[in-house]
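Colleague: Coordinates in upload.pdb, PDB, C-alpha atoms, pLDDT in the B column, are listed below.
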```
MODEL        1
ATOM      1  CA  MET N   1     -51.364 -63.052 -84.702  1.00 46.00           C
ATOM      2  CA  ASP N   2     -54.795 -64.375 -83.750  1.00 45.00           C
ATOM      3  CA  LEU N   3     -54.435 -67.105 -81.129  1.00 50.00           C
ATOM      4  CA  SER N   4     -58.086 -67.240 -80.100  1.00 47.00           C
ATOM      5  CA  SER N   5     -58.288 -70.938 -80.961  1.00 52.00           C
ATOM      6  CA  GLY N   6     -56.506 -73.353 -78.622  1.00 65.00           C
ATOM      7  CA  GLN N   7     -55.181 -75.382 -81.538  1.00 72.00           C
ATOM      8  CA  ASP N   8     -53.939 -72.207 -83.239  1.00 73.00           C
ATOM      9  CA  LYS N   9     -51.968 -71.364 -80.100  1.00 77.00           C
ATOM     10  CA  VAL N  10     -50.520 -74.891 -79.901  1.00 77.00           C
ATOM     11  CA  ARG N  11     -49.328 -74.730 -83.516  1.00 81.00           C
ATOM     12  CA  PHE N  12     -47.944 -71.203 -83.122  1.00 74.00           C
ATOM     13  CA  VAL N  13     -46.042 -71.992 -79.908  1.00 74.00           C
ATOM     14  CA  ASN N  14     -44.616 -75.235 -81.329  1.00 77.00           C
ATOM     15  CA  ARG N  15     -43.389 -73.522 -84.491  1.00 79.00           C
ATOM     16  CA  MET N  16     -42.043 -70.585 -82.480  1.00 76.00           C
ATOM     17  CA  PHE N  17     -39.947 -72.727 -80.141  1.00 73.00           C
ATOM     18  CA  ALA N  18     -38.696 -74.857 -83.024  1.00 73.00           C
ATOM     19  CA  ARG N  19     -37.597 -71.663 -84.786  1.00 79.00           C
ATOM     20  CA  ILE N  20     -35.791 -70.068 -81.831  1.00 73.00           C
ATOM     21  CA  SER N  21     -34.476 -73.266 -80.222  1.00 71.00           C
ATOM     22  CA  ARG N  22     -30.809 -72.636 -80.986  1.00 75.00           C
ATOM     23  CA  ARG N  23     -30.933 -69.100 -79.558  1.00 74.00           C
ATOM     24  CA  TYR N  24     -33.324 -69.877 -76.699  1.00 72.00           C
ATOM     25  CA  ASP N  25     -30.696 -70.351 -73.971  1.00 74.00           C
ATOM     26  CA  LEU N  26     -28.746 -67.258 -74.972  1.00 73.00           C
ATOM     27  CA  MET N  27     -31.905 -65.151 -75.031  1.00 72.00           C
ATOM     28  CA  ASN N  28     -32.898 -66.356 -71.562  1.00 72.00           C
ATOM     29  CA  THR N  29     -29.481 -65.440 -70.240  1.00 76.00           C
ATOM     30  CA  VAL N  30     -29.619 -61.965 -71.793  1.00 71.00           C
ATOM     31  CA  MET N  31     -33.165 -61.229 -70.607  1.00 73.00           C
ATOM     32  CA  THR N  32     -32.579 -62.380 -67.013  1.00 75.00           C
ATOM     33  CA  ALA N  33     -28.918 -61.337 -66.676  1.00 74.00           C
ATOM     34  CA  GLY N  34     -28.139 -65.008 -66.124  1.00 81.00           C
ATOM     35  CA  MET N  35     -30.458 -65.281 -63.120  1.00 88.00           C
ATOM     36  CA  HIS N  36     -32.642 -67.991 -64.668  1.00 88.00           C
ATOM     37  CA  HIS N  37     -30.002 -70.601 -63.739  1.00 90.00           C
ATOM     38  CA  LYS N  38     -30.133 -69.549 -60.075  1.00 93.00           C
ATOM     39  CA  TRP N  39     -33.932 -69.521 -60.102  1.00 93.00           C
ATOM     40  CA  ARG N  40     -34.038 -73.081 -61.447  1.00 94.00           C
ATOM     41  CA  ARG N  41     -31.615 -74.278 -58.790  1.00 93.00           C
ATOM     42  CA  MET N  42     -33.789 -72.667 -56.135  1.00 94.00           C
ATOM     43  CA  ALA N  43     -36.925 -74.260 -57.581  1.00 95.00           C
ATOM     44  CA  THR N  44     -35.243 -77.666 -57.778  1.00 94.00           C
ATOM     45  CA  ASN N  45     -34.476 -77.492 -54.057  1.00 92.00           C
ATOM     46  CA  PHE N  46     -38.194 -77.036 -53.369  1.00 93.00           C
ATOM     47  CA  ALA N  47     -39.011 -80.231 -55.277  1.00 92.00           C
ATOM     48  CA  PHE N  48     -37.641 -82.632 -52.677  1.00 84.00           C
ATOM     49  CA  LYS N  49     -39.731 -83.477 -49.620  1.00 76.00           C
ATOM     50  CA  ASN N  50     -38.967 -86.905 -48.195  1.00 72.00           C
ATOM     51  CA  ASP N  51     -38.920 -89.731 -50.728  1.00 76.00           C
ATOM     52  CA  SER N  52     -36.445 -90.377 -53.506  1.00 86.00           C
ATOM     53  CA  GLY N  53     -37.704 -91.514 -56.906  1.00 93.00           C
ATOM     54  CA  ARG N  54     -38.563 -90.422 -60.438  1.00 97.00           C
ATOM     55  CA  ALA N  55     -39.001 -86.795 -61.461  1.00 97.00           C
ATOM     56  CA  LEU N  56     -41.048 -85.371 -64.339  1.00 98.00           C
ATOM     57  CA  ASP N  57     -40.083 -82.095 -66.003  1.00 98.00           C
ATOM     58  CA  LEU N  58     -42.880 -80.691 -68.187  1.00 98.00           C
ATOM     59  CA  ALA N  59     -42.319 -78.217 -71.023  1.00 95.00           C
ATOM     60  CA  SER N  60     -38.699 -79.221 -70.574  1.00 96.00           C
ATOM     61  CA  GLY N  61     -37.403 -77.238 -73.534  1.00 92.00           C
ATOM     62  CA  THR N  62     -33.616 -77.373 -73.755  1.00 92.00           C
ATOM     63  CA  GLY N  63     -33.462 -79.355 -70.532  1.00 95.00           C
ATOM     64  CA  ASP N  64     -32.060 -76.990 -67.900  1.00 94.00           C
ATOM     65  CA  PHE N  65     -34.569 -78.034 -65.231  1.00 95.00           C
ATOM     66  CA  ALA N  66     -34.183 -81.725 -66.083  1.00 97.00           C
ATOM     67  CA  ILE N  67     -30.393 -81.452 -65.815  1.00 97.00           C
ATOM     68  CA  GLU N  68     -30.637 -79.759 -62.402  1.00 96.00           C
ATOM     69  CA  LEU N  69     -32.914 -82.566 -61.207  1.00 96.00           C
ATOM     70  CA  ALA N  70     -30.631 -85.266 -62.627  1.00 96.00           C
ATOM     71  CA  ARG N  71     -27.769 -83.919 -60.506  1.00 94.00           C
ATOM     72  CA  LYS N  72     -29.696 -84.671 -57.306  1.00 93.00           C
ATOM     73  CA  GLU N  73     -28.846 -87.962 -55.597  1.00 92.00           C
ATOM     74  CA  TRP N  74     -32.454 -88.481 -54.545  1.00 93.00           C
ATOM     75  CA  VAL N  75     -33.631 -88.484 -58.177  1.00 95.00           C
ATOM     76  CA  SER N  76     -33.395 -91.940 -59.760  1.00 95.00           C
ATOM     77  CA  GLU N  77     -34.632 -90.846 -63.204  1.00 97.00           C
ATOM     78  CA  VAL N  78     -35.848 -87.655 -64.862  1.00 98.00           C
ATOM     79  CA  VAL N  79     -38.472 -87.783 -67.605  1.00 98.00           C
ATOM     80  CA  ALA N  80     -38.187 -84.611 -69.687  1.00 98.00           C
ATOM     81  CA  LEU N  81     -41.367 -84.013 -71.698  1.00 98.00           C
ATOM     82  CA  ASP N  82     -41.843 -81.391 -74.391  1.00 95.00           C
ATOM     83  CA  ASN N  83     -43.809 -81.175 -77.628  1.00 92.00           C
ATOM     84  CA  THR N  84     -41.005 -79.590 -79.691  1.00 91.00           C
ATOM     85  CA  LEU N  85     -38.440 -82.014 -81.093  1.00 92.00           C
ATOM     86  CA  GLU N  86     -35.879 -79.300 -81.802  1.00 91.00           C
ATOM     87  CA  MET N  87     -35.806 -78.267 -78.146  1.00 89.00           C
ATOM     88  CA  LEU N  88     -35.444 -81.843 -76.887  1.00 94.00           C
ATOM     89  CA  THR N  89     -32.619 -82.460 -79.358  1.00 94.00           C
ATOM     90  CA  LEU N  90     -30.688 -79.639 -77.694  1.00 92.00           C
ATOM     91  CA  ALA N  91     -31.630 -80.994 -74.263  1.00 95.00           C
ATOM     92  CA  LEU N  92     -30.052 -84.346 -75.181  1.00 96.00           C
ATOM     93  CA  TYR N  93     -26.868 -82.626 -76.361  1.00 94.00           C
ATOM     94  CA  LYS N  94     -26.612 -80.615 -73.125  1.00 95.00           C
ATOM     95  CA  ALA N  95     -27.362 -83.610 -70.897  1.00 97.00           C
ATOM     96  CA  THR N  96     -24.688 -85.633 -72.681  1.00 97.00           C
ATOM     97  CA  HIS N  97     -22.158 -82.807 -72.380  1.00 96.00           C
ATOM     98  CA  LYS N  98     -22.899 -82.475 -68.648  1.00 95.00           C
ATOM     99  CA  GLU N  99     -22.690 -86.262 -68.178  1.00 96.00           C
ATOM    100  CA  VAL N 100     -26.217 -86.766 -66.829  1.00 97.00           C
ATOM    101  CA  SER N 101     -27.872 -88.233 -69.931  1.00 97.00           C
ATOM    102  CA  ASP N 102     -27.963 -91.688 -68.322  1.00 97.00           C
ATOM    103  CA  LYS N 103     -30.535 -90.364 -65.824  1.00 97.00           C
ATOM    104  CA  ILE N 104     -32.701 -88.447 -68.315  1.00 98.00           C
ATOM    105  CA  LYS N 105     -35.401 -89.908 -70.558  1.00 98.00           C
ATOM    106  CA  LEU N 106     -36.717 -87.596 -73.306  1.00 97.00           C
ATOM    107  CA  VAL N 107     -40.381 -87.820 -74.295  1.00 98.00           C
ATOM    108  CA  ILE N 108     -42.333 -85.874 -76.929  1.00 96.00           C
ATOM    109  CA  GLY N 109     -45.780 -85.350 -75.477  1.00 95.00           C
ATOM    110  CA  ASP N 110     -48.643 -83.094 -74.457  1.00 94.00           C
ATOM    111  CA  ALA N 111     -48.843 -81.702 -70.913  1.00 95.00           C
ATOM    112  CA  HIS N 112     -52.647 -81.749 -71.166  1.00 96.00           C
ATOM    113  CA  ASN N 113     -52.720 -85.512 -71.750  1.00 97.00           C
ATOM    114  CA  LEU N 114     -49.696 -87.048 -70.058  1.00 98.00           C
ATOM    115  CA  PRO N 115     -48.707 -90.509 -71.327  1.00 97.00           C
ATOM    116  CA  PHE N 116     -48.007 -91.891 -67.852  1.00 98.00           C
ATOM    117  CA  PRO N 117     -49.977 -94.016 -65.347  1.00 98.00           C
ATOM    118  CA  ASP N 118     -51.376 -92.558 -62.143  1.00 98.00           C
ATOM    119  CA  ASN N 119     -48.959 -92.101 -59.230  1.00 98.00           C
ATOM    120  CA  SER N 120     -45.802 -92.367 -61.352  1.00 97.00           C
ATOM    121  CA  PHE N 121     -43.556 -89.574 -60.038  1.00 97.00           C
ATOM    122  CA  THR N 122     -42.138 -88.301 -56.751  1.00 96.00           C
ATOM    123  CA  CYS N 123     -41.820 -84.712 -57.985  1.00 96.00           C
ATOM    124  CA  LEU N 124     -42.774 -82.622 -61.001  1.00 97.00           C
ATOM    125  CA  THR N 125     -41.351 -79.348 -62.302  1.00 98.00           C
ATOM    126  CA  VAL N 126     -42.343 -76.806 -64.948  1.00 98.00           C
ATOM    127  CA  GLY N 127     -39.972 -73.984 -65.841  1.00 95.00           C
ATOM    128  CA  PHE N 128     -41.440 -71.035 -67.759  1.00 92.00           C
ATOM    129  CA  GLY N 129     -43.957 -73.328 -69.456  1.00 91.00           C
ATOM    130  CA  VAL N 130     -47.410 -73.138 -67.876  1.00 95.00           C
ATOM    131  CA  ARG N 131     -47.970 -69.701 -69.392  1.00 90.00           C
ATOM    132  CA  ASN N 132     -48.086 -71.389 -72.802  1.00 89.00           C
ATOM    133  CA  PHE N 133     -50.546 -74.138 -71.877  1.00 93.00           C
ATOM    134  CA  VAL N 134     -53.840 -73.944 -73.741  1.00 91.00           C
ATOM    135  CA  ASN N 135     -55.889 -75.358 -70.851  1.00 95.00           C
ATOM    136  CA  LEU N 136     -54.024 -74.779 -67.596  1.00 96.00           C
ATOM    137  CA  PRO N 137     -56.682 -76.264 -65.260  1.00 97.00           C
ATOM    138  CA  ARG N 138     -56.608 -79.514 -67.233  1.00 97.00           C
ATOM    139  CA  ALA N 139     -52.796 -79.592 -67.244  1.00 97.00           C
ATOM    140  CA  LEU N 140     -52.715 -79.015 -63.474  1.00 98.00           C
ATOM    141  CA  LYS N 141     -55.124 -81.906 -62.927  1.00 98.00           C
ATOM    142  CA  GLU N 142     -52.886 -84.117 -65.070  1.00 98.00           C
ATOM    143  CA  MET N 143     -49.930 -83.117 -62.893  1.00 98.00           C
ATOM    144  CA  VAL N 144     -51.821 -84.202 -59.785  1.00 98.00           C
ATOM    145  CA  ARG N 145     -52.878 -87.471 -61.427  1.00 98.00           C
ATOM    146  CA  VAL N 146     -49.345 -88.636 -62.254  1.00 98.00           C
ATOM    147  CA  MET N 147     -47.871 -87.583 -58.895  1.00 97.00           C
ATOM    148  CA  LYS N 148     -47.461 -89.962 -55.966  1.00 96.00           C
ATOM    149  CA  SER N 149     -49.112 -89.082 -52.673  1.00 96.00           C
ATOM    150  CA  GLY N 150     -46.933 -86.588 -50.824  1.00 94.00           C
ATOM    151  CA  GLY N 151     -45.058 -85.611 -53.972  1.00 95.00           C
ATOM    152  CA  ARG N 152     -44.447 -82.004 -54.920  1.00 96.00           C
ATOM    153  CA  VAL N 153     -45.258 -79.911 -57.989  1.00 98.00           C
ATOM    154  CA  VAL N 154     -42.926 -76.931 -58.500  1.00 98.00           C
ATOM    155  CA  ILE N 155     -43.737 -74.236 -61.073  1.00 98.00           C
ATOM    156  CA  LEU N 156     -41.274 -71.474 -61.999  1.00 97.00           C
ATOM    157  CA  GLU N 157     -42.972 -68.816 -64.111  1.00 95.00           C
ATOM    158  CA  ILE N 158     -43.159 -65.164 -65.133  1.00 89.00           C
ATOM    159  CA  VAL N 159     -46.278 -63.703 -63.523  1.00 91.00           C
ATOM    160  CA  LYS N 160     -48.253 -60.498 -63.277  1.00 87.00           C
ATOM    161  CA  LEU N 161     -47.280 -58.333 -60.334  1.00 83.00           C
ATOM    162  CA  GLU N 162     -49.448 -58.982 -57.296  1.00 82.00           C
ATOM    163  CA  ASN N 163     -49.653 -55.319 -56.284  1.00 74.00           C
ATOM    164  CA  ARG N 164     -50.030 -52.387 -58.656  1.00 62.00           C
ATOM    165  CA  GLY N 165     -47.675 -49.424 -58.595  1.00 61.00           C
ATOM    166  CA  MET N 166     -45.072 -47.730 -60.757  1.00 56.00           C
ATOM    167  CA  LEU N 167     -43.442 -51.055 -61.674  1.00 55.00           C
ATOM    168  CA  GLN N 168     -46.802 -52.487 -62.726  1.00 54.00           C
ATOM    169  CA  ASP N 169     -48.057 -49.421 -64.524  1.00 54.00           C
ATOM    170  CA  MET N 170     -44.920 -48.168 -66.263  1.00 57.00           C
ATOM    171  CA  LEU N 171     -41.446 -49.680 -66.025  1.00 61.00           C
ATOM    172  CA  ILE N 172     -42.043 -53.412 -66.413  1.00 59.00           C
ATOM    173  CA  PRO N 173     -44.762 -53.143 -69.114  1.00 58.00           C
ATOM    174  CA  LEU N 174     -42.540 -50.767 -71.089  1.00 61.00           C
ATOM    175  CA  TYR N 175     -39.588 -53.164 -70.838  1.00 62.00           C
ATOM    176  CA  PHE N 176     -41.625 -56.186 -71.899  1.00 62.00           C
ATOM    177  CA  ARG N 177     -43.540 -54.399 -74.639  1.00 62.00           C
ATOM    178  CA  TYR N 178     -40.693 -52.550 -76.320  1.00 58.00           C
ATOM    179  CA  MET N 179     -37.318 -53.910 -75.222  1.00 64.00           C
ATOM    180  CA  THR N 180     -38.121 -57.630 -75.389  1.00 63.00           C
ATOM    181  CA  PRO N 181     -39.003 -57.631 -79.133  1.00 61.00           C
ATOM    182  CA  VAL N 182     -35.862 -55.601 -79.879  1.00 62.00           C
ATOM    183  CA  LEU N 183     -33.693 -58.045 -77.932  1.00 64.00           C
ATOM    184  CA  GLY N 184     -35.455 -60.896 -79.672  1.00 59.00           C
ATOM    185  CA  MET N 185     -34.572 -59.450 -83.054  1.00 67.00           C
ATOM    186  CA  LEU N 186     -30.954 -58.683 -82.136  1.00 63.00           C
ATOM    187  CA  VAL N 187     -30.156 -61.906 -80.246  1.00 61.00           C
ATOM    188  CA  ALA N 188     -32.522 -64.515 -81.649  1.00 60.00           C
ATOM    189  CA  GLY N 189     -33.300 -62.982 -85.033  1.00 67.00           C
ATOM    190  CA  ASP N 190     -37.015 -63.406 -84.341  1.00 63.00           C
ATOM    191  CA  ARG N 191     -39.038 -60.352 -83.365  1.00 62.00           C
ATOM    192  CA  GLU N 192     -42.391 -62.156 -83.582  1.00 66.00           C
ATOM    193  CA  ALA N 193     -41.459 -64.784 -80.993  1.00 58.00           C
ATOM    194  CA  TYR N 194     -40.424 -62.163 -78.464  1.00 64.00           C
ATOM    195  CA  THR N 195     -43.446 -60.006 -79.217  1.00 68.00           C
ATOM    196  CA  TYR N 196     -45.507 -62.999 -78.086  1.00 67.00           C
ATOM    197  CA  LEU N 197     -43.687 -63.125 -74.720  1.00 69.00           C
ATOM    198  CA  PRO N 198     -44.995 -59.829 -73.252  1.00 65.00           C
ATOM    199  CA  LYS N 199     -48.482 -60.622 -74.545  1.00 72.00           C
ATOM    200  CA  SER N 200     -48.418 -64.041 -72.879  1.00 72.00           C
ATOM    201  CA  VAL N 201     -47.364 -62.449 -69.569  1.00 69.00           C
ATOM    202  CA  GLN N 202     -50.066 -59.799 -69.838  1.00 72.00           C
ATOM    203  CA  GLN N 203     -52.676 -62.531 -70.324  1.00 78.00           C
ATOM    204  CA  PHE N 204     -51.355 -64.750 -67.512  1.00 85.00           C
ATOM    205  CA  LEU N 205     -52.088 -64.833 -63.774  1.00 91.00           C
ATOM    206  CA  LYS N 206     -50.996 -63.166 -60.579  1.00 93.00           C
ATOM    207  CA  PRO N 207     -49.194 -65.460 -58.115  1.00 96.00           C
ATOM    208  CA  SER N 208     -52.247 -65.643 -55.847  1.00 97.00           C
ATOM    209  CA  GLU N 209     -54.439 -66.601 -58.820  1.00 97.00           C
ATOM    210  CA  LEU N 210     -52.121 -69.408 -59.883  1.00 97.00           C
ATOM    211  CA  MET N 211     -51.960 -70.597 -56.278  1.00 98.00           C
ATOM    212  CA  GLU N 212     -55.772 -70.769 -56.170  1.00 98.00           C
ATOM    213  CA  MET N 213     -55.868 -72.657 -59.468  1.00 98.00           C
ATOM    214  CA  MET N 214     -53.381 -75.229 -58.132  1.00 98.00           C
ATOM    215  CA  SER N 215     -55.549 -75.725 -55.051  1.00 98.00           C
ATOM    216  CA  THR N 216     -58.643 -76.149 -57.209  1.00 98.00           C
ATOM    217  CA  ALA N 217     -56.806 -78.846 -59.199  1.00 98.00           C
ATOM    218  CA  GLY N 218     -56.393 -80.834 -55.986  1.00 98.00           C
ATOM    219  CA  MET N 219     -53.033 -79.751 -54.592  1.00 98.00           C
ATOM    220  CA  ILE N 220     -52.536 -79.053 -50.889  1.00 98.00           C
ATOM    221  CA  ASN N 221     -50.077 -76.881 -48.947  1.00 97.00           C
ATOM    222  CA  VAL N 222     -49.796 -74.550 -51.942  1.00 98.00           C
ATOM    223  CA  SER N 223     -47.474 -71.568 -51.545  1.00 98.00           C
ATOM    224  CA  TYR N 224     -45.273 -69.293 -53.622  1.00 97.00           C
ATOM    225  CA  SER N 225     -42.077 -67.267 -53.375  1.00 96.00           C
ATOM    226  CA  SER N 226     -41.577 -64.072 -55.386  1.00 94.00           C
ATOM    227  CA  LEU N 227     -38.395 -63.265 -57.301  1.00 93.00           C
ATOM    228  CA  ALA N 228     -37.144 -60.473 -59.568  1.00 86.00           C
ATOM    229  CA  LEU N 229     -39.222 -57.655 -58.024  1.00 84.00           C
ATOM    230  CA  GLY N 230     -42.306 -59.858 -58.149  1.00 87.00           C
ATOM    231  CA  THR N 231     -42.174 -60.578 -61.887  1.00 87.00           C
ATOM    232  CA  VAL N 232     -41.176 -64.231 -61.362  1.00 92.00           C
ATOM    233  CA  ALA N 233     -42.581 -66.708 -58.858  1.00 96.00           C
ATOM    234  CA  ILE N 234     -41.871 -70.234 -57.645  1.00 98.00           C
ATOM    235  CA  HIS N 235     -45.104 -72.052 -56.760  1.00 98.00           C
ATOM    236  CA  VAL N 236     -45.082 -75.269 -54.748  1.00 98.00           C
ATOM    237  CA  GLY N 237     -47.985 -77.664 -54.195  1.00 98.00           C
ATOM    238  CA  GLU N 238     -48.308 -81.227 -52.889  1.00 97.00           C
ATOM    239  CA  LYS N 239     -50.511 -84.183 -53.667  1.00 97.00           C
ATOM    240  CA  ASP N 240     -52.533 -85.366 -50.681  1.00 95.00           C
TER     241      ASP N 240
ENDMDL
END
```
Mind turning the file's structure into structure tokens?
Modeller:
Amino acid sequence: MDLSSGQDKVRFVNRMFARISRRYDLMNTVMTAGMHHKWRRMATNFAFKNDSGRALDLASGTGDFAIELARKEWVSEVVALDNTLEMLTLALYKATHKEVSDKIKLVIGDAHNLPFPDNSFTCLTVGFGVRNFVNLPRALKEMVRVMKSGGRVVILEIVKLENRGMLQDMLIPLYFRYMTPVLGMLVAGDREAYTYLPKSVQQFLKPSELMEMMSTAGMINVSYSSLALGTVAIHVGEKD
């Protein structure tokens, strides 16, 4: 699995999510013991600052983040953007079932080249998606571009541990490297997709590194909160 080319990674990730879309929610629940729902609710609460308005959910997948946003009174509309049709199809089904589809607009698009004018949204969320972006600095700049002044960007993501120790050196790497592919085969029927997951985490950033990258992209008041023994983080940044 050579993903050295950006376009190769885009094609691989798109095909992977299309393949596992129907088992994606179940796998998330198994891997996080159901905690991913709580983490999204927590992250959604960070998204609101002062103004009501439109929200943008990038890498929306099956729509969990978009649905949480749509439940908020201060959100007038949620645009859920993803580049995998199969995932958005499930997001529409879930939004309809939960009776929030009237507030959600589904868009197939690229997070690196957002099809929206400047200053379009009051808040923006990304749940477990930035790790798969081919050019994260460019995507972060696009997030800033489409945000209104004072609006917040909230990123929920699996990260490298900030401080090394037994968890960093042994337990967590062993779990990701060996247990995740097994779970992927048993639950989702796709070992390859869940072999990619630990590799993508290994190649990603520490919380402090992502915080610095958000600041470099033009965000202010950037901070993060650690969850799940430091393996997951909620990052928050604002547009000046």
Colleague: One decimal, in Å: what's the spacing between atom CA of N:Asn221 and atom CA of N:Val78?
Modeller: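 Taking atom CA of N:Asn221 as the start and atom CA of N:Val78 as the end point, the length is 23.9 Å.
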Colleague: Name the residues in contact with N:Ser21 at a cut-off of 12 Å, using only C-alpha atoms, excluding same-chain residues fewer than 2 positions from it; report them as JSON, numbers by chain.
Modeller: {"N": [13, 14, 15, 16, 17, 18, 19, 23, 24, 25, 26, 27, 28, 61, 62, 63, 84, 85, 86, 87, 88, 89, 90, 91, 188, 189, 190, 193]}
Colleague: Using the chain letters and residue numbers of this document, give as a list in words the residues selected by the PyMOL selection byres ((chain N and resi 59) around 7).
Modeller: Asp57, Leu58, Ser60, Gly61, Leu81, Asp82, Val126 and Gly129 of chain N
Colleague: Between N:Tyr224, N:Phe12, N:Phe133, N:Trp74, which one has atoms that come closest to N:Val154, using only C-alpha atoms?
Modeller: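 Counting only C-alpha atoms, the residue closest to N:Val154 is N:Tyr224.
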Colleague: Where does the PyMOL selection byres ((chain N and resi 210-220) around 7) land in this file, that is, which residues does it pick, as number ranges by chain?
Modeller: N: 137, 140-141, 144, 205-209, 221-223, 237-240
Colleague: Once the PyMOL selection byres ((chain N and resi 76) around 12) has been applied to the shown file, what residues remain in the selection, as a short mmCIF file (atom, residue, chain, number, x, y, z; two decimals) with C-alpha atoms, in the coordinates of the input?
Modeller:
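Okay, this is what ended up in selection-v2.cif:
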```
data_model
loop_
_atom_site.label_atom_id
_atom_site.label_comp_id
_atom_site.auth_asym_id
_atom_site.auth_seq_id
_atom_site.Cartn_x
_atom_site.Cartn_y
_atom_site.Cartn_z
CA ASP N 51 -38.92 -89.73 -50.73
CA SER N 52 -36.44 -90.38 -53.51
CA GLY N 53 -37.70 -91.51 -56.91
CA ARG N 54 -38.56 -90.42 -60.44
CA ALA N 55 -39.00 -86.80 -61.46
CA LEU N 56 -41.05 -85.37 -64.34
CA LEU N 69 -32.91 -82.57 -61.21
CA ALA N 70 -30.63 -85.27 -62.63
CA ARG N 71 -27.77 -83.92 -60.51
CA LYS N 72 -29.70 -84.67 -57.31
CA GLU N 73 -28.85 -87.96 -55.60
CA TRP N 74 -32.45 -88.48 -54.54
CA VAL N 75 -33.63 -88.48 -58.18
CA GLU N 77 -34.63 -90.85 -63.20
CA VAL N 78 -35.85 -87.66 -64.86
CA VAL N 79 -38.47 -87.78 -67.60
CA VAL N 100 -26.22 -86.77 -66.83
CA ASP N 102 -27.96 -91.69 -68.32
CA LYS N 103 -30.54 -90.36 -65.82
CA ILE N 104 -32.70 -88.45 -68.32
CA LYS N 105 -35.40 -89.91 -70.56
CA PHE N 121 -43.56 -89.57 -60.04
CA THR N 122 -42.14 -88.30 -56.75
CA CYS N 123 -41.82 -84.71 -57.98
#
```
Colleague: Between N:Val146, N:Leu229, N:Leu156, N:Leu161, which is the closest to N:Lys38 once you count all atoms listed in the file?
Modeller: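 Going through N:Val146, N:Leu229, N:Leu156, N:Leu161 one by one, the smallest distance to N:Lys38 is for N:Leu156.
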Colleague: Have stretch 25-39 of chain N completed to N, CA and C atoms, please, and pass it along as a compact mmCIF listing (two decimals), in the coordinates of the input.
Modeller:
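File rebuild-v9.txt, as written:
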```
# COMPACT_ATOMS: atom_id res chain seq x y z
N ASP N 25 -31.49 -70.46 -75.20
CA ASP N 25 -30.70 -70.35 -73.97
C ASP N 25 -30.00 -69.01 -73.87
N LEU N 26 -29.43 -68.55 -74.98
CA LEU N 26 -28.75 -67.26 -74.97
C LEU N 26 -29.72 -66.13 -74.67
N MET N 27 -30.91 -66.20 -75.26
CA MET N 27 -31.90 -65.15 -75.03
C MET N 27 -32.34 -65.13 -73.58
N ASN N 28 -32.54 -66.30 -72.98
CA ASN N 28 -32.90 -66.36 -71.56
C ASN N 28 -31.83 -65.72 -70.69
N THR N 29 -30.59 -66.00 -71.02
CA THR N 29 -29.48 -65.44 -70.24
C THR N 29 -29.43 -63.92 -70.37
N VAL N 30 -29.63 -63.41 -71.57
CA VAL N 30 -29.62 -61.96 -71.79
C VAL N 30 -30.77 -61.30 -71.06
N MET N 31 -31.98 -61.87 -71.18
CA MET N 31 -33.16 -61.23 -70.61
C MET N 31 -33.17 -61.25 -69.08
N THR N 32 -32.56 -62.27 -68.47
CA THR N 32 -32.58 -62.38 -67.01
C THR N 32 -31.24 -62.08 -66.38
N ALA N 33 -30.28 -61.59 -67.16
CA ALA N 33 -28.92 -61.34 -66.68
C ALA N 33 -28.33 -62.59 -66.04
N GLY N 34 -28.67 -63.73 -66.59
CA GLY N 34 -28.14 -65.01 -66.12
C GLY N 34 -28.82 -65.56 -64.90
N MET N 35 -29.83 -64.87 -64.37
CA MET N 35 -30.46 -65.28 -63.12
C MET N 35 -31.35 -66.52 -63.27
N HIS N 36 -31.74 -66.85 -64.50
CA HIS N 36 -32.64 -67.99 -64.67
C HIS N 36 -32.00 -69.28 -64.20
N HIS N 37 -30.68 -69.40 -64.26
CA HIS N 37 -30.00 -70.60 -63.74
C HIS N 37 -30.17 -70.69 -62.21
N LYS N 38 -29.98 -69.58 -61.53
CA LYS N 38 -30.13 -69.55 -60.08
C LYS N 38 -31.57 -69.85 -59.69
N TRP N 39 -32.53 -69.29 -60.42
CA TRP N 39 -33.93 -69.52 -60.10
C TRP N 39 -34.29 -71.00 -60.26
```
